[in-house]
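Asks: Before I ask anything, here is the structure I am working with.
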Amino acid sequence: LLVGFDSADDAAVYRISEHLAMVTTVDFFPPIVDSPHDFGRIAAANAVSDVYAMGARPATAMNVVAFPRELDVAILGDIITGAVSTLDLAGTTLVGGHTIEDTGIKYGLSVTGFIDPANLMTNTGAAVGDRLILTKPIGTGVVANALKGGRISLKAAAPVIESMTALNRAASE
């Protein structure tokens with residue numbers, strides 16, 4: 001185990017061989033936007049970003065779903081379709097997952113990626129003078145909460161929603 005509970009990193013890293021390590025993460029949350037498709041896109045971008053944060057390349061993903069019985073399953077289909085559209089951009093294959101019944105919707109993904117351990121990036125070791133790369137505008141979460149609370153319009157939030165669906169691959173590279 002190269003990265004585990006001892007750090008505040010977004011993913012765990014397990015060495016497979018001298019030049020290969022597996023990076024694995026799981027992330028899920030309730031909807032932060034009203035559009036099921038956009039929610040899926042945001043959830044997928046968020047989950048693969050945990051792998052990108054370590055400097056790795058995401059390879060596979062598995063759905064993690066909590067869904068109420070009384071809702072139309074087409075909503076879940078839209079969420080997953082949105083997620084797959086983002087996973088496709090990331091070159092990541094959806095390979096399965098798990099669904100449970102719950103009182104509310106929750107969705108996310110477990111993502112596995114790979115890296116040469118020599119290229120691993122972690123949260124430890126930051127020093128004065130290091131560059132900090134912001135991949136989303138500051139205040140993105142505030143705007144998402146304002147949208148969910150009906151305090152701003154969908155039109156006003158559109159640029160922030162689009163930024164939440166963007167992959168962090170370029171920043172990782």
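Convention: chains lettered A, B, ... in structure tokens order; per-chain residue numbering from 1; ligands numbered from 1 as shown.
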Output as JSON, numbers by chain all residues of chain A that backbone DSSP marks as strand (DSSP E).

Replies: {"A": [12, 13, 14, 15, 16, 17, 20, 21, 22, 23, 24, 25, 26, 27, 28, 29, 57, 58, 59, 60, 61, 62, 63, 64, 65, 66, 67, 93, 94, 95, 96, 97, 98, 99, 100, 101, 106, 107, 108, 109, 110, 111, 112, 113, 114, 115]}

Asks: Enumerate, as a PyMOL selection string, the complete set of residues in segment 113-146 of chain A that a backbone-based DSSP assignment places in helix (DSSP H, G or I).

Replies: chain A and resi 117-119+140-146

Asks: With only C-alpha atoms as the counted atoms, please give the residues lying no more than 9 Å from Ala59 of chain A, apart from itself and same-chain residues fewer than 5 positions off, as a list in words.

Replies: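 The neighbour list is Ala90, Gly91, Thr92, Thr93, Leu94, Val111, Thr112, Gly113 and Phe114 of chain A.
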
Asks: Tell me, as a compact mmCIF listing (two decimals) with all heavy atoms, in the first residue's frame, which residues lie within 10 Å of segment 46-56 of chain A, counting only C-alpha atoms; anything in the same chain fewer than 2 positions away does not count.

Replies:
```txt
# COMPACT_ATOMS: atom_id res chain seq x y z
N VAL A 3 -0.43 4.54 -0.73
CA VAL A 3 -1.25 5.63 -0.18
C VAL A 3 -2.51 4.99 0.39
O VAL A 3 -3.21 4.26 -0.31
CB VAL A 3 -1.62 6.66 -1.26
CG1 VAL A 3 -2.53 7.75 -0.68
CG2 VAL A 3 -0.39 7.28 -1.89
N ASP A 9 -5.43 12.09 0.88
CA ASP A 9 -5.56 12.00 -0.57
C ASP A 9 -6.95 11.51 -0.95
O ASP A 9 -7.66 10.91 -0.15
CB ASP A 9 -4.48 11.09 -1.13
CG ASP A 9 -3.12 11.76 -1.13
OD1 ASP A 9 -2.93 12.67 -1.96
OD2 ASP A 9 -2.27 11.41 -0.28
N ASP A 10 -7.30 11.73 -2.21
CA ASP A 10 -8.62 11.38 -2.72
C ASP A 10 -8.73 9.93 -3.15
O ASP A 10 -9.83 9.47 -3.49
CB ASP A 10 -8.98 12.28 -3.91
CG ASP A 10 -9.20 13.72 -3.48
OD1 ASP A 10 -9.63 13.94 -2.34
OD2 ASP A 10 -8.92 14.62 -4.29
N ALA A 11 -7.64 9.20 -3.20
CA ALA A 11 -7.65 7.82 -3.66
C ALA A 11 -6.57 7.03 -2.93
O ALA A 11 -5.63 7.60 -2.38
CB ALA A 11 -7.41 7.77 -5.17
N ALA A 12 -6.73 5.72 -2.95
CA ALA A 12 -5.71 4.82 -2.41
C ALA A 12 -4.84 4.34 -3.57
O ALA A 12 -5.29 4.29 -4.72
CB ALA A 12 -6.37 3.63 -1.73
N VAL A 13 -3.60 4.00 -3.25
CA VAL A 13 -2.68 3.53 -4.28
C VAL A 13 -2.03 2.25 -3.77
O VAL A 13 -1.47 2.22 -2.67
CB VAL A 13 -1.60 4.59 -4.61
CG1 VAL A 13 -0.68 4.08 -5.71
CG2 VAL A 13 -2.25 5.91 -5.01
N ALA A 21 1.21 0.70 -10.46
CA ALA A 21 0.39 0.78 -9.25
C ALA A 21 -1.06 1.03 -9.65
O ALA A 21 -1.34 1.65 -10.67
CB ALA A 21 0.89 1.90 -8.33
N MET A 22 -1.95 0.51 -8.82
CA MET A 22 -3.39 0.70 -9.02
C MET A 22 -3.85 1.83 -8.11
O MET A 22 -3.50 1.88 -6.93
CB MET A 22 -4.13 -0.59 -8.65
CG MET A 22 -5.63 -0.48 -8.74
SD MET A 22 -6.44 -2.04 -8.29
CE MET A 22 -6.03 -2.14 -6.54
N VAL A 23 -4.63 2.74 -8.69
CA VAL A 23 -5.21 3.85 -7.95
C VAL A 23 -6.71 3.59 -7.90
O VAL A 23 -7.34 3.34 -8.93
CB VAL A 23 -4.92 5.19 -8.65
CG1 VAL A 23 -5.57 6.34 -7.90
CG2 VAL A 23 -3.42 5.41 -8.78
N THR A 24 -7.30 3.64 -6.71
CA THR A 24 -8.72 3.32 -6.59
C THR A 24 -9.42 4.31 -5.66
O THR A 24 -8.84 4.77 -4.67
CB THR A 24 -8.92 1.86 -6.12
OG1 THR A 24 -10.30 1.54 -6.15
CG2 THR A 24 -8.36 1.63 -4.74
N THR A 25 -10.65 4.67 -6.02
CA THR A 25 -11.41 5.64 -5.26
C THR A 25 -12.90 5.34 -5.39
O THR A 25 -13.32 4.63 -6.29
CB THR A 25 -11.12 7.08 -5.76
OG1 THR A 25 -11.75 8.02 -4.89
CG2 THR A 25 -11.61 7.28 -7.18
N VAL A 26 -13.68 5.90 -4.50
CA VAL A 26 -15.14 5.84 -4.60
C VAL A 26 -15.69 7.18 -4.12
O VAL A 26 -15.18 7.77 -3.17
CB VAL A 26 -15.75 4.67 -3.79
CG1 VAL A 26 -15.49 4.80 -2.31
CG2 VAL A 26 -17.24 4.53 -4.07
N ASP A 27 -16.69 7.67 -4.84
CA ASP A 27 -17.28 8.97 -4.51
C ASP A 27 -18.74 8.95 -4.93
O ASP A 27 -19.04 8.59 -6.07
CB ASP A 27 -16.53 10.07 -5.25
CG ASP A 27 -16.57 11.40 -4.52
OD1 ASP A 27 -17.55 11.64 -3.79
OD2 ASP A 27 -15.64 12.19 -4.69
N PHE A 28 -19.66 9.30 -4.04
CA PHE A 28 -21.06 9.41 -4.42
C PHE A 28 -21.75 10.43 -3.52
O PHE A 28 -21.30 10.71 -2.42
CB PHE A 28 -21.77 8.05 -4.40
CG PHE A 28 -22.06 7.48 -3.04
CD1 PHE A 28 -23.37 7.40 -2.59
CD2 PHE A 28 -21.05 7.00 -2.24
CE1 PHE A 28 -23.65 6.85 -1.35
CE2 PHE A 28 -21.31 6.46 -1.00
CZ PHE A 28 -22.62 6.38 -0.55
N GLY A 40 -25.34 13.00 -13.62
CA GLY A 40 -24.46 11.88 -13.97
C GLY A 40 -23.12 12.35 -14.49
O GLY A 40 -22.06 11.80 -14.14
N ARG A 41 -23.13 13.39 -15.34
CA ARG A 41 -21.89 13.93 -15.88
C ARG A 41 -21.01 14.49 -14.77
O ARG A 41 -19.79 14.27 -14.74
CB ARG A 41 -22.20 15.03 -16.90
CG ARG A 41 -22.84 14.52 -18.18
CD ARG A 41 -23.26 15.65 -19.11
NE ARG A 41 -22.11 16.44 -19.52
CZ ARG A 41 -22.15 17.75 -19.78
NH1 ARG A 41 -23.28 18.43 -19.66
NH2 ARG A 41 -21.07 18.39 -20.16
N ILE A 42 -21.63 15.21 -13.84
CA ILE A 42 -20.88 15.81 -12.72
C ILE A 42 -20.31 14.71 -11.83
O ILE A 42 -19.14 14.77 -11.43
CB ILE A 42 -21.79 16.76 -11.91
CG1 ILE A 42 -22.11 18.00 -12.74
CG2 ILE A 42 -21.15 17.13 -10.58
CD1 ILE A 42 -23.25 18.84 -12.18
N ALA A 43 -21.12 13.70 -11.51
CA ALA A 43 -20.65 12.62 -10.64
C ALA A 43 -19.47 11.88 -11.27
O ALA A 43 -18.49 11.56 -10.58
CB ALA A 43 -21.80 11.65 -10.35
N ALA A 44 -19.55 11.61 -12.56
CA ALA A 44 -18.45 10.91 -13.24
C ALA A 44 -17.19 11.76 -13.28
O ALA A 44 -16.09 11.27 -13.00
CB ALA A 44 -18.87 10.50 -14.65
N PRO A 58 -7.42 7.00 -15.36
CA PRO A 58 -8.55 6.14 -15.00
C PRO A 58 -8.82 5.11 -16.09
O PRO A 58 -8.68 5.40 -17.28
CB PRO A 58 -9.72 7.12 -14.86
CG PRO A 58 -9.33 8.32 -15.66
CD PRO A 58 -7.83 8.37 -15.66
N ALA A 59 -9.20 3.89 -15.68
CA ALA A 59 -9.42 2.82 -16.65
C ALA A 59 -10.83 2.23 -16.56
O ALA A 59 -11.48 2.06 -17.59
CB ALA A 59 -8.39 1.70 -16.44
N THR A 60 -11.30 1.93 -15.35
CA THR A 60 -12.63 1.33 -15.19
C THR A 60 -13.40 2.06 -14.11
O THR A 60 -12.83 2.70 -13.23
CB THR A 60 -12.55 -0.16 -14.82
OG1 THR A 60 -11.93 -0.30 -13.54
CG2 THR A 60 -11.81 -0.96 -15.87
N ALA A 61 -14.73 1.94 -14.20
CA ALA A 61 -15.61 2.56 -13.20
C ALA A 61 -16.78 1.63 -12.92
O ALA A 61 -17.20 0.86 -13.79
CB ALA A 61 -16.12 3.90 -13.70
N THR A 86 -19.41 11.16 -19.93
CA THR A 86 -18.17 11.71 -19.36
C THR A 86 -17.09 10.63 -19.27
O THR A 86 -15.92 10.90 -19.56
CB THR A 86 -18.45 12.32 -17.98
OG1 THR A 86 -19.36 13.42 -18.16
CG2 THR A 86 -17.19 12.82 -17.31
N LEU A 87 -17.48 9.43 -18.87
CA LEU A 87 -16.50 8.34 -18.81
C LEU A 87 -15.89 8.07 -20.18
O LEU A 87 -14.69 7.81 -20.29
CB LEU A 87 -17.15 7.07 -18.26
CG LEU A 87 -17.58 7.11 -16.80
CD1 LEU A 87 -18.36 5.85 -16.45
CD2 LEU A 87 -16.39 7.30 -15.87
N ALA A 90 -13.19 10.33 -20.87
CA ALA A 90 -12.02 10.02 -20.05
C ALA A 90 -11.35 8.71 -20.47
O ALA A 90 -10.33 8.33 -19.89
CB ALA A 90 -12.43 9.92 -18.58
N THR A 92 -12.61 5.80 -20.01
CA THR A 92 -12.86 4.93 -18.87
C THR A 92 -14.09 4.07 -19.16
O THR A 92 -15.12 4.59 -19.60
CB THR A 92 -13.08 5.78 -17.61
OG1 THR A 92 -11.94 6.61 -17.42
CG2 THR A 92 -13.28 4.92 -16.38
N GLY A 108 -22.86 7.82 -7.71
CA GLY A 108 -21.44 8.07 -7.85
C GLY A 108 -20.78 6.87 -8.47
O GLY A 108 -21.46 5.96 -8.98
N LEU A 109 -19.47 6.86 -8.41
CA LEU A 109 -18.73 5.78 -9.05
C LEU A 109 -17.49 5.42 -8.23
O LEU A 109 -16.91 6.27 -7.57
CB LEU A 109 -18.28 6.20 -10.45
CG LEU A 109 -19.44 6.52 -11.38
CD1 LEU A 109 -19.42 7.98 -11.76
CD2 LEU A 109 -19.42 5.65 -12.59
N SER A 110 -17.14 4.16 -8.33
CA SER A 110 -15.84 3.69 -7.87
C SER A 110 -14.98 3.61 -9.13
O SER A 110 -15.38 2.97 -10.10
CB SER A 110 -15.98 2.31 -7.22
OG SER A 110 -14.71 1.79 -6.93
N VAL A 111 -13.84 4.26 -9.10
CA VAL A 111 -12.99 4.32 -10.29
C VAL A 111 -11.62 3.73 -9.96
O VAL A 111 -11.06 3.98 -8.90
CB VAL A 111 -12.83 5.78 -10.78
CG1 VAL A 111 -11.92 5.84 -12.01
CG2 VAL A 111 -14.18 6.40 -11.09
N THR A 112 -11.11 2.95 -10.91
CA THR A 112 -9.78 2.36 -10.80
C THR A 112 -8.92 2.87 -11.94
O THR A 112 -9.36 2.92 -13.09
CB THR A 112 -9.85 0.83 -10.84
OG1 THR A 112 -10.66 0.38 -9.75
CG2 THR A 112 -8.46 0.21 -10.74
N GLY A 113 -7.71 3.27 -11.61
CA GLY A 113 -6.77 3.72 -12.62
C GLY A 113 -5.39 3.15 -12.35
O GLY A 113 -5.20 2.40 -11.39
N PHE A 114 -4.45 3.54 -13.20
CA PHE A 114 -3.10 2.99 -13.10
C PHE A 114 -2.06 4.08 -13.29
O PHE A 114 -2.29 5.06 -13.99
CB PHE A 114 -2.91 1.87 -14.15
CG PHE A 114 -3.85 0.73 -13.91
CD1 PHE A 114 -5.06 0.66 -14.60
CD2 PHE A 114 -3.57 -0.24 -12.97
CE1 PHE A 114 -5.95 -0.37 -14.37
CE2 PHE A 114 -4.45 -1.28 -12.73
CZ PHE A 114 -5.64 -1.34 -13.43
N ILE A 115 -0.89 3.85 -12.67
CA ILE A 115 0.20 4.81 -12.74
C ILE A 115 1.52 4.10 -12.47
O ILE A 115 1.55 3.08 -11.77
CB ILE A 115 0.00 5.96 -11.73
CG1 ILE A 115 1.00 7.09 -11.95
CG2 ILE A 115 0.05 5.44 -10.29
CD1 ILE A 115 0.67 8.36 -11.19
N ASP A 116 2.59 4.63 -13.00
CA ASP A 116 3.93 4.22 -12.59
C ASP A 116 4.16 4.90 -11.24
O ASP A 116 4.03 6.14 -11.13
CB ASP A 116 4.97 4.69 -13.61
CG ASP A 116 6.38 4.27 -13.25
OD1 ASP A 116 6.72 4.15 -12.05
OD2 ASP A 116 7.18 4.09 -14.19
N PRO A 117 4.46 4.15 -10.18
CA PRO A 117 4.62 4.77 -8.86
C PRO A 117 5.64 5.91 -8.82
O PRO A 117 5.52 6.80 -7.98
CB PRO A 117 5.09 3.61 -7.97
CG PRO A 117 4.63 2.38 -8.67
CD PRO A 117 4.64 2.70 -10.13
N ASN A 119 5.73 8.31 -10.75
CA ASN A 119 5.03 9.52 -11.18
C ASN A 119 3.87 9.90 -10.27
O ASN A 119 3.12 10.82 -10.58
CB ASN A 119 4.53 9.35 -12.61
CG ASN A 119 5.66 9.12 -13.57
OD1 ASN A 119 6.74 9.69 -13.43
ND2 ASN A 119 5.43 8.26 -14.55
N LEU A 120 3.71 9.22 -9.16
CA LEU A 120 2.59 9.43 -8.25
C LEU A 120 2.62 10.83 -7.63
O LEU A 120 3.67 11.32 -7.23
CB LEU A 120 2.65 8.37 -7.15
CG LEU A 120 1.55 8.38 -6.11
CD1 LEU A 120 0.20 8.09 -6.77
CD2 LEU A 120 1.85 7.34 -5.03
N MET A 121 1.45 11.47 -7.57
CA MET A 121 1.30 12.76 -6.90
C MET A 121 0.40 12.57 -5.69
O MET A 121 -0.63 11.91 -5.78
CB MET A 121 0.67 13.79 -7.84
CG MET A 121 1.54 14.17 -9.02
SD MET A 121 0.83 15.49 -10.03
CE MET A 121 -0.48 14.60 -10.86
N THR A 122 0.79 13.16 -4.57
CA THR A 122 -0.02 13.08 -3.35
C THR A 122 -0.17 14.46 -2.75
O THR A 122 0.46 15.42 -3.21
CB THR A 122 0.63 12.13 -2.31
OG1 THR A 122 1.85 12.71 -1.85
CG2 THR A 122 0.87 10.74 -2.88
N ASN A 123 -0.98 14.54 -1.70
CA ASN A 123 -1.19 15.82 -1.00
C ASN A 123 -0.03 16.17 -0.08
O ASN A 123 0.04 17.29 0.42
CB ASN A 123 -2.47 15.76 -0.17
CG ASN A 123 -3.70 15.78 -1.02
OD1 ASN A 123 -3.68 16.23 -2.16
ND2 ASN A 123 -4.80 15.27 -0.48
N THR A 135 -8.80 23.57 -10.87
CA THR A 135 -9.50 22.95 -12.01
C THR A 135 -10.95 23.38 -12.11
O THR A 135 -11.60 23.10 -13.11
CB THR A 135 -9.43 21.42 -11.90
OG1 THR A 135 -10.02 21.02 -10.66
CG2 THR A 135 -7.98 20.94 -11.97
N MET A 164 -18.27 21.90 -13.77
CA MET A 164 -18.30 20.71 -12.93
C MET A 164 -18.28 19.42 -13.75
O MET A 164 -17.93 18.37 -13.24
CB MET A 164 -19.52 20.72 -12.01
CG MET A 164 -19.43 21.73 -10.89
SD MET A 164 -20.75 21.56 -9.67
CE MET A 164 -22.17 22.16 -10.57
N THR A 165 -18.67 19.51 -15.02
CA THR A 165 -18.66 18.32 -15.88
C THR A 165 -17.33 18.16 -16.63
O THR A 165 -17.13 17.15 -17.29
CB THR A 165 -19.81 18.37 -16.91
OG1 THR A 165 -19.60 19.44 -17.83
CG2 THR A 165 -21.16 18.54 -16.23
N ALA A 166 -16.48 19.15 -16.52
CA ALA A 166 -15.20 19.10 -17.25
C ALA A 166 -14.22 18.15 -16.58
O ALA A 166 -14.12 18.12 -15.35
CB ALA A 166 -14.60 20.50 -17.32
N LEU A 167 -13.50 17.40 -17.38
CA LEU A 167 -12.49 16.49 -16.85
C LEU A 167 -11.24 17.25 -16.43
O LEU A 167 -10.91 18.29 -17.03
CB LEU A 167 -12.11 15.46 -17.92
CG LEU A 167 -13.20 14.49 -18.31
CD1 LEU A 167 -12.74 13.62 -19.48
CD2 LEU A 167 -13.62 13.63 -17.13
N ASN A 168 -10.55 16.74 -15.45
CA ASN A 168 -9.30 17.34 -14.97
C ASN A 168 -8.08 16.67 -15.59
O ASN A 168 -6.97 16.79 -15.08
CB ASN A 168 -9.22 17.24 -13.44
CG ASN A 168 -10.25 18.11 -12.77
OD1 ASN A 168 -10.82 19.01 -13.38
ND2 ASN A 168 -10.50 17.85 -11.50
N ARG A 169 -8.27 15.99 -16.70
CA ARG A 169 -7.17 15.26 -17.34
C ARG A 169 -6.02 16.19 -17.72
O ARG A 169 -4.86 15.89 -17.45
CB ARG A 169 -7.67 14.51 -18.58
CG ARG A 169 -6.55 13.79 -19.30
CD ARG A 169 -7.01 12.97 -20.50
NE ARG A 169 -8.12 13.58 -21.20
CZ ARG A 169 -9.10 12.88 -21.76
NH1 ARG A 169 -9.10 11.58 -21.75
NH2 ARG A 169 -10.07 13.50 -22.40
N ALA A 170 -6.32 17.31 -18.35
CA ALA A 170 -5.26 18.22 -18.79
C ALA A 170 -4.46 18.74 -17.59
O ALA A 170 -3.22 18.82 -17.65
CB ALA A 170 -5.84 19.38 -19.59
N ALA A 171 -5.13 19.07 -16.51
CA ALA A 171 -4.43 19.54 -15.32
C ALA A 171 -3.55 18.44 -14.75
O ALA A 171 -2.43 18.70 -14.29
CB ALA A 171 -5.42 20.02 -14.27
N SER A 172 -4.04 17.22 -14.77
CA SER A 172 -3.28 16.08 -14.26
C SER A 172 -2.02 15.86 -15.10
O SER A 172 -0.93 15.62 -14.57
CB SER A 172 -4.13 14.82 -14.25
OG SER A 172 -3.39 13.71 -13.83
N GLU A 173 -2.20 15.95 -16.42
CA GLU A 173 -1.07 15.73 -17.32
C GLU A 173 -0.05 16.84 -17.21
O GLU A 173 1.12 16.67 -17.36
CB GLU A 173 -1.57 15.58 -18.76
CG GLU A 173 -2.34 14.29 -18.98
CD GLU A 173 -3.04 14.20 -20.32
OE1 GLU A 173 -3.09 15.21 -21.07
OE2 GLU A 173 -3.56 13.12 -20.63
```

Asks: Would you pick out the contacts of segment 136-153 of chain A at 9 Å or less, using only C-alpha atoms, so that residues sharing its chain but fewer than 5 positions from it are not included, and give the list as a list in words?

Replies: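 Residues near the query, excluding close chain neighbours: Pro31, Ile32, Val33, Asp34, Ala158, Val160, Ile161, Ser163, Met164, Ala166 and Asn168 of chain A.
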
Asks: Can you spit out the residues from that selection as a short mmCIF file (atom, residue, chain, number, x, y, z; two decimals), in the first residue's frame, using all heavy atoms?

Replies:
```cif
data_model
loop_
_atom_site.label_atom_id
_atom_site.label_comp_id
_atom_site.auth_asym_id
_atom_site.auth_seq_id
_atom_site.Cartn_x
_atom_site.Cartn_y
_atom_site.Cartn_z
N PRO A 31 -28.14 14.39 -5.66
CA PRO A 31 -28.12 15.32 -6.79
C PRO A 31 -27.82 16.75 -6.34
O PRO A 31 -28.34 17.22 -5.33
CB PRO A 31 -29.54 15.23 -7.35
CG PRO A 31 -30.04 13.91 -6.90
CD PRO A 31 -29.40 13.65 -5.57
N ILE A 32 -26.99 17.42 -7.13
CA ILE A 32 -26.69 18.83 -6.85
C ILE A 32 -27.24 19.73 -7.95
O ILE A 32 -27.11 20.95 -7.86
CB ILE A 32 -25.18 19.06 -6.64
CG1 ILE A 32 -24.37 18.59 -7.84
CG2 ILE A 32 -24.70 18.36 -5.38
CD1 ILE A 32 -22.89 18.92 -7.76
N VAL A 33 -27.81 19.11 -8.98
CA VAL A 33 -28.51 19.84 -10.05
C VAL A 33 -29.79 19.07 -10.34
O VAL A 33 -29.93 17.90 -9.99
CB VAL A 33 -27.65 19.96 -11.34
CG1 VAL A 33 -26.43 20.83 -11.10
CG2 VAL A 33 -27.24 18.60 -11.86
N ASP A 34 -30.75 19.72 -10.99
CA ASP A 34 -32.03 19.08 -11.27
C ASP A 34 -32.00 18.14 -12.46
O ASP A 34 -32.79 17.20 -12.52
CB ASP A 34 -33.12 20.14 -11.48
CG ASP A 34 -33.47 20.86 -10.20
OD1 ASP A 34 -33.32 20.27 -9.11
OD2 ASP A 34 -33.90 22.03 -10.27
N ALA A 158 -25.39 27.98 -15.33
CA ALA A 158 -24.95 27.13 -16.45
C ALA A 158 -23.42 27.06 -16.61
O ALA A 158 -22.88 25.96 -16.79
CB ALA A 158 -25.62 27.58 -17.75
N VAL A 160 -21.11 27.32 -14.38
CA VAL A 160 -20.56 26.55 -13.26
C VAL A 160 -20.88 25.07 -13.44
O VAL A 160 -20.03 24.21 -13.21
CB VAL A 160 -21.08 27.09 -11.91
CG1 VAL A 160 -20.69 26.17 -10.77
CG2 VAL A 160 -20.55 28.49 -11.68
N ILE A 161 -22.11 24.76 -13.86
CA ILE A 161 -22.48 23.37 -14.12
C ILE A 161 -21.57 22.79 -15.19
O ILE A 161 -21.06 21.67 -15.05
CB ILE A 161 -23.96 23.25 -14.53
CG1 ILE A 161 -24.86 23.62 -13.34
CG2 ILE A 161 -24.28 21.86 -15.05
CD1 ILE A 161 -26.32 23.78 -13.69
N SER A 163 -18.56 23.68 -15.88
CA SER A 163 -17.21 23.48 -15.32
C SER A 163 -17.16 22.22 -14.46
O SER A 163 -16.14 21.53 -14.44
CB SER A 163 -16.75 24.70 -14.52
OG SER A 163 -17.32 24.73 -13.24
N MET A 164 -18.27 21.90 -13.77
CA MET A 164 -18.30 20.71 -12.93
C MET A 164 -18.28 19.42 -13.75
O MET A 164 -17.93 18.37 -13.24
CB MET A 164 -19.52 20.72 -12.01
CG MET A 164 -19.43 21.73 -10.89
SD MET A 164 -20.75 21.56 -9.67
CE MET A 164 -22.17 22.16 -10.57
N ALA A 166 -16.48 19.15 -16.52
CA ALA A 166 -15.20 19.10 -17.25
C ALA A 166 -14.22 18.15 -16.58
O ALA A 166 -14.12 18.12 -15.35
CB ALA A 166 -14.60 20.50 -17.32
N ASN A 168 -10.55 16.74 -15.45
CA ASN A 168 -9.30 17.34 -14.97
C ASN A 168 -8.08 16.67 -15.59
O ASN A 168 -6.97 16.79 -15.08
CB ASN A 168 -9.22 17.24 -13.44
CG ASN A 168 -10.25 18.11 -12.77
OD1 ASN A 168 -10.82 19.01 -13.38
ND2 ASN A 168 -10.50 17.85 -11.50
#
```

Asks: Report as a ChimeraX atom specification all protein, DNA and RNA residues lying within 7 Å of Arg69 of chain A, evaluated on only C-alpha atoms, omitting residues in the same chain fewer than 2 positions from it.

Replies: /A:67,71,101

Asks: Using only C-alpha atoms, can you tell me which of A:Ala83, A:Ala118, A:Ile105, A:Pro68 comes closest to Leu2 of chain A?

Replies: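 Selected residue with least distance to Leu2 of chain A: A:Ala118.
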